[in-house]
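Structure record follows, encoded as structure tokens.
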Amino acid sequence: MTTPSFMDLALAAAQTAGQAGEVPIGCVIVRAGAVIASAGNRTLTDRDPTAHAELLAIREAARKLGSERLVDCDLYVTLEPCTMCAGAISFARIRRLYFGAFDPKGGAVESGVRFFGQPTCHHAPEIYSGVGEREAAALLREFFRARR
């Protein structure tokens with residue numbers, strides 16, 4: 001049996017979120033090869049429009065590390081981050097961002113406002129897109145298909 005990749009762990013968090021009725025997006029934050037935070041979307045559960053997987057994982061990682069700066073951390077998320085999450089990733093000084101599916105409507109990394117490419121962006125992580133894209137996109141498609 002092979003060890004699951006960090007994106008596999010993010011996909012598992014997304015599946016858990018989807019089973020709870022949330023949009024199935026999952027995120028893990030990794031430092032020195034170990035997961036230090038993991039979360040799935042909880043906007044409905046928490047009645048909080050900011051409870052995106054990325055923000056929840058960033059908050060957990062910051063608490064665990066005792067710092068608002070996550071300079072030596074990598075973030076894996078199943079969907080291209082929105083503007084709010086891209087801002088949080090920048091403020092947290094995340095080292096590398098890996099994301100799965102592209103989000104042409106709400107994404108802000110390679111779609112939309114392209115947040116990290118703006119001159120007002122203080123910190124831009126290294127970006128690796130399309131990691132686990134097929135699995136992440138399928139999870140989202142199935143979730144929304146079941147609701148239509």
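How things are named: the first chain in the structure tokens is A, the next is B, and so on; residues count from 1 in each chain; ligands count from 1 in the order shown.
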
Residues within 6 Å of range 33-39 of chain A, only C-alpha atoms, excluding chain neighbours under 4 positions, as number ranges by chain | A: 26-29, 53, 57, 60-61

Could you name the residues that touch Tyr76 in chain A at 9 Å or less, counting only C-alpha atoms, but leaving out those on the same chain fewer than 3 positions away, as a PyMOL selection string?
-> chain A and resi 6-7+9-10+26-30+54+96-100+131

Take the residues that were just selected and, keeping N, CA and C atoms, output them as a PDB file, in the first residue's frame.
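Writing done, so here's selection36.pdb:
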```
ATOM      1  N   PHE A   6      -0.175  14.402   0.075  1.00  0.00           N
ATOM      2  CA  PHE A   6      -0.823  15.480   0.819  1.00  0.00           C
ATOM      3  C   PHE A   6      -2.112  15.915   0.132  1.00  0.00           C
ATOM      4  N   MET A   7      -2.141  15.873  -1.212  1.00  0.00           N
ATOM      5  CA  MET A   7      -3.386  16.211  -1.906  1.00  0.00           C
ATOM      6  C   MET A   7      -4.439  15.147  -1.653  1.00  0.00           C
ATOM      7  N   LEU A   9      -4.856  13.643   1.118  1.00  0.00           N
ATOM      8  CA  LEU A   9      -5.391  14.000   2.438  1.00  0.00           C
ATOM      9  C   LEU A   9      -6.349  15.188   2.334  1.00  0.00           C
ATOM     10  N   ALA A  10      -6.027  16.147   1.478  1.00  0.00           N
ATOM     11  CA  ALA A  10      -6.939  17.274   1.240  1.00  0.00           C
ATOM     12  C   ALA A  10      -8.237  16.777   0.601  1.00  0.00           C
ATOM     13  N   GLY A  26     -11.294  20.657   0.556  1.00  0.00           N
ATOM     14  CA  GLY A  26     -10.446  20.284   1.678  1.00  0.00           C
ATOM     15  C   GLY A  26      -9.071  20.897   1.541  1.00  0.00           C
ATOM     16  N   CYS A  27      -8.414  21.047   2.692  1.00  0.00           N
ATOM     17  CA  CYS A  27      -7.115  21.701   2.735  1.00  0.00           C
ATOM     18  C   CYS A  27      -6.251  21.054   3.809  1.00  0.00           C
ATOM     19  N   VAL A  28      -4.969  20.917   3.517  1.00  0.00           N
ATOM     20  CA  VAL A  28      -4.000  20.520   4.536  1.00  0.00           C
ATOM     21  C   VAL A  28      -2.811  21.472   4.455  1.00  0.00           C
ATOM     22  N   ILE A  29      -2.209  21.718   5.605  1.00  0.00           N
ATOM     23  CA  ILE A  29      -0.997  22.520   5.677  1.00  0.00           C
ATOM     24  C   ILE A  29       0.114  21.630   6.194  1.00  0.00           C
ATOM     25  N   VAL A  30       1.241  21.689   5.503  1.00  0.00           N
ATOM     26  CA  VAL A  30       2.370  20.802   5.758  1.00  0.00           C
ATOM     27  C   VAL A  30       3.596  21.629   6.137  1.00  0.00           C
ATOM     28  N   GLU A  54      -9.344  26.659   3.603  1.00  0.00           N
ATOM     29  CA  GLU A  54      -8.028  27.294   3.722  1.00  0.00           C
ATOM     30  C   GLU A  54      -7.915  28.133   4.994  1.00  0.00           C
ATOM     31  N   ARG A  96       4.476  27.591  -0.263  1.00  0.00           N
ATOM     32  CA  ARG A  96       4.027  27.004  -1.529  1.00  0.00           C
ATOM     33  C   ARG A  96       2.534  26.711  -1.465  1.00  0.00           C
ATOM     34  N   LEU A  97       1.850  26.967  -2.573  1.00  0.00           N
ATOM     35  CA  LEU A  97       0.432  26.676  -2.713  1.00  0.00           C
ATOM     36  C   LEU A  97       0.261  25.633  -3.803  1.00  0.00           C
ATOM     37  N   TYR A  98      -0.392  24.534  -3.444  1.00  0.00           N
ATOM     38  CA  TYR A  98      -0.740  23.489  -4.397  1.00  0.00           C
ATOM     39  C   TYR A  98      -2.261  23.435  -4.445  1.00  0.00           C
ATOM     40  N   PHE A  99      -2.850  23.577  -5.641  1.00  0.00           N
ATOM     41  CA  PHE A  99      -4.301  23.440  -5.700  1.00  0.00           C
ATOM     42  C   PHE A  99      -4.708  22.508  -6.821  1.00  0.00           C
ATOM     43  N   GLY A 100      -5.905  21.911  -6.638  1.00  0.00           N
ATOM     44  CA  GLY A 100      -6.402  20.911  -7.573  1.00  0.00           C
ATOM     45  C   GLY A 100      -7.168  21.513  -8.727  1.00  0.00           C
ATOM     46  N   VAL A 131      -2.880  20.005  -9.328  1.00  0.00           N
ATOM     47  CA  VAL A 131      -2.437  18.821  -8.577  1.00  0.00           C
ATOM     48  C   VAL A 131      -3.685  18.081  -8.080  1.00  0.00           C
TER      49      VAL A 131
END
```

Hey, could you make a per-residue contact list for range 15-81 of chain A against range 105-123 of chain A with 12 Å as the cut-off, showing the nearest pair of atoms and its distance in Å to one decimal, counting only C-alpha atoms, sorted by chain and number, as JSON lines?
```
{"residue": "A:Arg69", "atom": "CA", "partner": "A:His123", "partner_atom": "CA", "distance": 11.3}
{"residue": "A:Leu70", "atom": "CA", "partner": "A:His123", "partner_atom": "CA", "distance": 11.8}
{"residue": "A:Val71", "atom": "CA", "partner": "A:His123", "partner_atom": "CA", "distance": 10.2}
{"residue": "A:Thr78", "atom": "CA", "partner": "A:Gly107", "partner_atom": "CA", "distance": 11.8}
{"residue": "A:Leu79", "atom": "CA", "partner": "A:Gly107", "partner_atom": "CA", "distance": 8.1}
{"residue": "A:Glu80", "atom": "CA", "partner": "A:Gly107", "partner_atom": "CA", "distance": 5.3}
{"residue": "A:Pro81", "atom": "CA", "partner": "A:Gly107", "partner_atom": "CA", "distance": 5.4}
```

Residue subset to file, keeping N, CA, C and O atoms, as a PDB file, in the first residue's frame:
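Generated file (again_6.pdb):
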```
ATOM      1  N   ARG A  69       2.741  33.819  11.119  1.00  0.00           N
ATOM      2  CA  ARG A  69       3.560  33.627   9.922  1.00  0.00           C
ATOM      3  C   ARG A  69       3.858  32.142   9.738  1.00  0.00           C
ATOM      4  O   ARG A  69       4.419  31.505  10.619  1.00  0.00           O
ATOM      5  N   LEU A  70       3.483  31.631   8.598  1.00  0.00           N
ATOM      6  CA  LEU A  70       3.666  30.211   8.284  1.00  0.00           C
ATOM      7  C   LEU A  70       4.675  30.084   7.137  1.00  0.00           C
ATOM      8  O   LEU A  70       4.440  29.408   6.141  1.00  0.00           O
ATOM      9  N   VAL A  71       5.812  30.753   7.311  1.00  0.00           N
ATOM     10  CA  VAL A  71       6.786  30.923   6.227  1.00  0.00           C
ATOM     11  C   VAL A  71       7.373  29.619   5.693  1.00  0.00           C
ATOM     12  O   VAL A  71       7.759  29.555   4.536  1.00  0.00           O
ATOM     13  N   THR A  78      -8.044  21.583  -2.531  1.00  0.00           N
ATOM     14  CA  THR A  78      -8.632  20.891  -3.668  1.00  0.00           C
ATOM     15  C   THR A  78      -9.205  21.819  -4.732  1.00  0.00           C
ATOM     16  O   THR A  78      -9.428  21.379  -5.856  1.00  0.00           O
ATOM     17  N   LEU A  79      -9.441  23.073  -4.411  1.00  0.00           N
ATOM     18  CA  LEU A  79      -9.989  24.026  -5.382  1.00  0.00           C
ATOM     19  C   LEU A  79      -9.180  25.309  -5.345  1.00  0.00           C
ATOM     20  O   LEU A  79      -8.739  25.744  -4.263  1.00  0.00           O
ATOM     21  N   GLU A  80      -9.002  25.922  -6.483  1.00  0.00           N
ATOM     22  CA  GLU A  80      -8.296  27.197  -6.585  1.00  0.00           C
ATOM     23  C   GLU A  80      -8.866  28.185  -5.560  1.00  0.00           C
ATOM     24  O   GLU A  80     -10.074  28.404  -5.515  1.00  0.00           O
ATOM     25  N   PRO A  81      -8.026  28.770  -4.720  1.00  0.00           N
ATOM     26  CA  PRO A  81      -8.510  29.692  -3.686  1.00  0.00           C
ATOM     27  C   PRO A  81      -9.211  30.934  -4.246  1.00  0.00           C
ATOM     28  O   PRO A  81      -8.846  31.448  -5.303  1.00  0.00           O
TER      29      PRO A  81
END
```

What is the distance, in Å and to one decimal place, between CA of Ala20 in chain A and CA of Thr45 in chain A?
->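 A separation of 8.2 Å between them.
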
Residues of chain A in helix (DSSP H, G or I) according to DSSP, as a VMD selection string?
-> chain A and resid 6 to 19 43 to 46 53 to 65 83 to 92 115 to 117 133 to 147

Output C-alpha atoms for every residue in the selection just made, as a short mmCIF file (atom, residue, chain, number, x, y, z; two decimals), in the first residue's frame.
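Output file out-v7.cif follows:
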```
data_model
loop_
_atom_site.label_atom_id
_atom_site.label_comp_id
_atom_site.auth_asym_id
_atom_site.auth_seq_id
_atom_site.Cartn_x
_atom_site.Cartn_y
_atom_site.Cartn_z
CA PHE A 6 -0.82 15.48 0.82
CA MET A 7 -3.39 16.21 -1.91
CA ASP A 8 -5.00 12.84 -1.16
CA LEU A 9 -5.39 14.00 2.44
CA ALA A 10 -6.94 17.27 1.24
CA LEU A 11 -9.32 15.26 -0.95
CA ALA A 12 -10.29 13.15 2.08
CA ALA A 13 -11.06 16.35 4.03
CA ALA A 14 -13.14 17.52 1.06
CA GLN A 15 -15.09 14.24 1.03
CA THR A 16 -15.81 14.61 4.75
CA ALA A 17 -17.05 18.17 4.17
CA GLY A 18 -19.27 16.96 1.32
CA GLN A 19 -20.76 14.21 3.50
CA THR A 43 -19.55 27.62 6.11
CA LEU A 44 -22.96 26.01 6.69
CA THR A 45 -22.03 24.15 9.85
CA ASP A 46 -20.46 27.20 11.48
CA ALA A 53 -11.12 25.13 4.30
CA GLU A 54 -8.03 27.29 3.72
CA LEU A 55 -8.90 29.80 6.45
CA LEU A 56 -9.74 27.09 8.96
CA ALA A 57 -6.48 25.25 8.26
CA ILE A 58 -4.44 28.48 8.42
CA ARG A 59 -6.02 29.33 11.79
CA GLU A 60 -5.26 25.84 13.14
CA ALA A 61 -1.64 25.91 11.88
CA ALA A 62 -1.05 29.39 13.34
CA ARG A 63 -2.38 28.23 16.73
CA LYS A 64 -0.22 25.11 16.70
CA LEU A 65 2.91 27.01 15.71
CA THR A 83 -9.75 36.21 -3.23
CA MET A 84 -10.37 36.01 0.53
CA CYS A 85 -8.32 32.82 0.88
CA ALA A 86 -5.57 34.10 -1.41
CA GLY A 87 -5.29 37.16 0.84
CA ALA A 88 -5.00 34.96 3.92
CA ILE A 89 -2.37 32.79 2.21
CA SER A 90 -0.38 35.93 1.42
CA PHE A 91 -0.68 37.39 4.93
CA ALA A 92 0.33 34.04 6.45
CA PHE A 115 -4.29 38.03 -6.62
CA PHE A 116 -0.64 37.01 -6.32
CA GLY A 117 0.26 38.83 -9.53
CA GLU A 133 -7.31 18.23 -10.55
CA ARG A 134 -9.29 15.33 -12.01
CA GLU A 135 -10.26 13.92 -8.60
CA ALA A 136 -11.06 17.32 -7.10
CA ALA A 137 -13.18 18.38 -10.09
CA ALA A 138 -15.06 15.06 -10.07
CA LEU A 139 -15.84 15.44 -6.37
CA LEU A 140 -17.28 18.92 -6.95
CA ARG A 141 -19.23 17.88 -10.07
CA GLU A 142 -20.85 14.94 -8.27
CA PHE A 143 -21.72 17.10 -5.25
CA PHE A 144 -23.51 19.72 -7.36
CA ARG A 145 -25.09 17.14 -9.69
CA ALA A 146 -26.75 15.51 -6.67
CA ARG A 147 -28.24 18.86 -5.65
#
```

Would you please give, as a VMD selection string, all residues of range 97-148 of chain A that DSSP assigns to strand (DSSP E or B) based on the backbone?
-> chain A and resid 97 to 101 126 to 129

Write the selection just made, keeping C-alpha atoms, as a PDB file, in the first residue's frame?
```pdb
ATOM      1  CA  LEU A  97       0.432  26.676  -2.713  1.00  0.00           C
ATOM      2  CA  TYR A  98      -0.740  23.489  -4.397  1.00  0.00           C
ATOM      3  CA  PHE A  99      -4.301  23.440  -5.700  1.00  0.00           C
ATOM      4  CA  GLY A 100      -6.402  20.911  -7.573  1.00  0.00           C
ATOM      5  CA  ALA A 101      -9.343  22.077  -9.657  1.00  0.00           C
ATOM      6  CA  GLU A 126       5.223  29.396  -5.257  1.00  0.00           C
ATOM      7  CA  ILE A 127       2.135  28.104  -7.086  1.00  0.00           C
ATOM      8  CA  TYR A 128       1.546  24.583  -8.363  1.00  0.00           C
ATOM      9  CA  SER A 129      -1.848  24.217 -10.037  1.00  0.00           C
TER      10      SER A 129
END
```

At what distance in Å, to one decimal, does CA of Arg148 in chain A lie from CA of Arg42 in chain A?
->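 CA of Arg148 in chain A lies 20.9 Å from CA of Arg42 in chain A.
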